[in-house]
Each structure stands twice: as C-alpha cells, then as structure tokens.
Amino acid sequence: MRNRPTTGRARLALALSVLLGGGALTALPAQAAPAADGLAVQYRTSASGATADQTEPWFKVRNTGSSTVPLSQVKIRYYFKADSPSASYRFACSWAVRGCAAVTGTFGTLSSPTSTADRYLEIGFTPAAGTLAPGADTGDLQLRFHQSNWQTLRQSDDYSFNGAQTAYANWDRVTAQLAGATVWGAAPEGNDPTDPTDPTDPTDPTDPPGGGQTLFDDFDYDSHTDPALSAHGWNVRSNSGGPGVPGATWDPSKVTFVSAGGNSVMNLETSTAGTGASTTQTEVLTRSTKFQNGTYAARVRFSDAPRSGPDGDHLVQTFFTINDLKAPMADDYAEYDFEYLPNGGWGEPSTILYTTSWETYDPDPWQAVNQHSEQRSSYAGWHDLVVTIDDSAITYYVDGQLFGTHDARYLPERPMSINFNQWFIDLNGQTSTTPRAYDQQVDYVLHVKDRVLGPAEVAAEVAGYRAEGTGFVDEVPAP
C-alpha cells in the first residue's frame, strides 16, 4: 500500500492531460522577459469559456533571480472587468503545493478603470508558504473566484484572461511584486501596482481561505486484516444490529480486495440462504466522524444479479455519510445516501436508485423528515457517484449528470462518517433456501473538505493522485 509520496501530489494539470489524452492546446510563448533579480509568473486557465460559473486562474511563480525570496513578500495581481458596478466576488483556493492555508486572495478596485479591467484579484502568501530558492517555482496555485450571488460571469472581456492558454506559460497580463516593487508583467494602462495613487488596501476583502483538505483512498489493501486498512481510519464492521434482517451477522471476512480494470477494488459480499441465521451482511466505514460540508465521491459497481444462487432478494447497495441519532427526531441528525435496490423493496416492485437527504427520524413509531430523488432503472455496473454539500443545498450526481438537488433545511449540523454497506431489507423477495451471494465493489473514495467540485473536477483529482502513484492521503482535520 503506497502512502502519499514525499514529493507531493501530481499537478491537477497533469491529471487533466491524462483525462484528455494529452490534447491540451499549445501554450502561448512568453510575452515578457523576467527582471534580472525577480520573478516570472506562469498562467493557465481551467475554465476556458467566454462565460463561466467561476473564473479559474492557475499560477506558478518562479524565482528568476540569484537570491532566495520569502513568499510573504510576493503579490500577484489578476485584472478583470466587473460584471456590474455593484458586483462582489468570492475567492477560493482549490489546491496549492504550498497549501491553501498559506495562500490569500483579496479584491481591489483600480484607480484608472479601462475597457477590460476595473477590479483585480491580489494573491499573497503567509509566512507559512516558506521561501523560493533561485530557479525554483511554487508549484500549482489552483485558484478560482465567483460572484457572491453565483450568477454567471463573463471573462472573455477580462484583461488577464486567456481562454486559449490551457497549459502553463509565461503571461505578462498579470503582475508580480516583490517587496513592493513590480518585477513582472504589465498592468492595465495607468494602473501600475507600485504607483502611490493605486489603492494599497483591497476594497473587497473575502473570507479567509480554508478547506480543501482531502481524503483519498484507492483501496489497495491485501485483506480486511491488512494493518494499513485500520491505520488509514477504516472500520470493517463486525458488531451486531441493524439495518437489515434480524439475526444476520456483519462478517468482516466477506470484505475482500480484488483486481478490476487494472485497479485494486474493495468487494463487499452479502449472502443468505433464506434465514436470518444464514444471512451475512457487510459494511466498511470511517472510524472518525469528521466530514461535513464539501465534496464526496466514489466509484461504485452495483449488481442486479447474485454472483451465485437464485435472484430476487430485497437488497440495498450503498454509499453514504451519516452521524448518530442522539434521540428520536433530534434535529442535529444528518445522513446523505446513494441507495440502490436491484430487486425493489420498501414497497417498490423493481429496480430503483434513491438519493436521500435526512433531517431526522423516529424509529418507533416510524416517522421521517427527508427529501429524496429516484430513478427506476437498472444501474448495474460501474458508476461515478458525487454528492456536494455547501451552505445552500445538497446536490447529487451520477456519471456526471445531475440526479437531484435537495433543500438547505437538510444541511448537516454536525460532522459525519463515510460508509459503504450491502444488506438485506427482508427475506420476502426470494423464498428459496438455496444459498446466494451478491457483490458490491468500490474503486475509490474522495472527500474534499469545504470545496464544491463538479464531476469533471473530481475525475481530474482522482487521475492526479493515480498519475503520481498515491494510494492514500488523509488531510482532513479532526473536528
């Protein structure tokens, strides 16, 4: 089992290149020569359209001088045209080699507006970012910003934007300052960042950067007894109790790791011979309940038919997050489910996929407060499942397509665990006493704290980890 390499995660740019088969557009040539003792700034965009939900300028800063540079003395400015005079913006760092917590982003207003710029995003670094040796660069700064109201923004008329630049190259339409002196790039006419008439304090401060810490596991283990599985925070369930058939056991030995498509995948086997005593179910979950807002993703293989024996059981195959119900109808309960029923159940006569967001419930007598989306069709095979939770909604995707959006009233009040399980609702769907066994498989799991990633960004993130050989990383802090 390979842990996070000491060299750091492969660039997301490399991941996107992997996904696109190396089809990135040719980078533009350098447009400015670096100063003798200064910096060079490379730029690319990860959102190349004329309009976008958010602008995504990515940077690398290189020390072209002969002396070590403290990054806390470096400022970069990206210039753009506001979408309206009253527009306000929010900054976010998706990922940075030096750590997003060491990167700051603030907005300012230009003293001499032009047709392509009246605002700027200024990127800075805290002392925690460290220093930049001669010839070294910062590595990726994967940044983004959006309108505070999330309205679509136009970036094709922005001074610093170049939609054709999808690979890193020197770019002189951003400026860099070192210890207060401009050492790279050209600002829009009349707006030298070192001009004393230029505002020195940003006019539109943003929330402090935060989040972005990641859990990624490629499930490359030998068995359920592999010490690395426990060391990485996973619990393979063996204790009795629900959900599922009364008298069933949760059997850790039925959680195995096999090869599929060149990757190691986790296999959860669930079986029965038609009685509670003969029924075994499987569950794997994080021991820590430290996950709340952000992005959750997994690649899961659902099964419509058993691997052996007669078909027809009321089976549930899942990927979900959950915390404990402290009391019936407690309002701080939270649960967010993908649940696949290949043979129906819960009153459904046939195949159905549910996504459900829970506010609370009372087990006896049963009552529940939740919102769900559903699709009555087969989902046998591999599927990319993504759920995002921000301050306004819970959004579910299946294979890159929107599956359902649920209301803010169902947002989590407390952190949760991440879970996979396979279990029987009841034994009414198949009355045979012939043994049968069903498989559910999991290729990977990803959580990015407090960051909303779209399905394509999730795929690129996973590809980046795999490109560098990273099988596991957990940066998510304890609550």
# chains A, B, ... in the order shown; residues from 1 in each chain; ligands from 1
call {"tool": "residues_around", "arguments": {"residues": "Arg414 of chain A", "least_positions_apart": "3", "cutoff": "8 Å", "atoms": "only C-alpha atoms", "output": "PyMOL selection string"}}
result
chain A and resi 292+323+332-334
call {"tool": "residues_around", "arguments": {"residues": "Leu453 of chain A", "least_positions_apart": "6", "cutoff": "9 Å", "atoms": "only C-alpha atoms", "output": "list in words"}}
result
Ser94, Gly294, Thr295, Tyr296, Val386 and Thr388 of chain A
call {"tool": "closest_residue", "arguments": {"among": "A:Thr272, A:Ser417, A:Thr138, A:Gln42", "to": "Gln430 of chain A", "atoms": "only C-alpha atoms"}}
result
A:Thr272
call {"tool": "closest_residue", "arguments": {"among": "A:Asp439, A:Asp390, A:Glu348, A:Asp218", "to": "Arg307 of chain A", "atoms": "only C-alpha atoms"}}
result
A:Asp439
call {"tool": "closest_residue", "arguments": {"among": "A:Trp58, A:Thr356, A:Ile394, A:Leu215", "to": "Asn170 of chain A", "atoms": "only C-alpha atoms"}}
result
A:Trp58
call {"tool": "closest_residue", "arguments": {"among": "A:Gly344, A:Gly242, A:Pro85, A:Gly65", "to": "Gly135 of chain A", "atoms": "only C-alpha atoms"}}
result
A:Gly65
call {"tool": "closest_residue", "arguments": {"among": "A:Pro415, A:Gly212, A:Gly99, A:Gly124", "to": "His447 of chain A", "atoms": "only C-alpha atoms"}}
result
A:Gly212
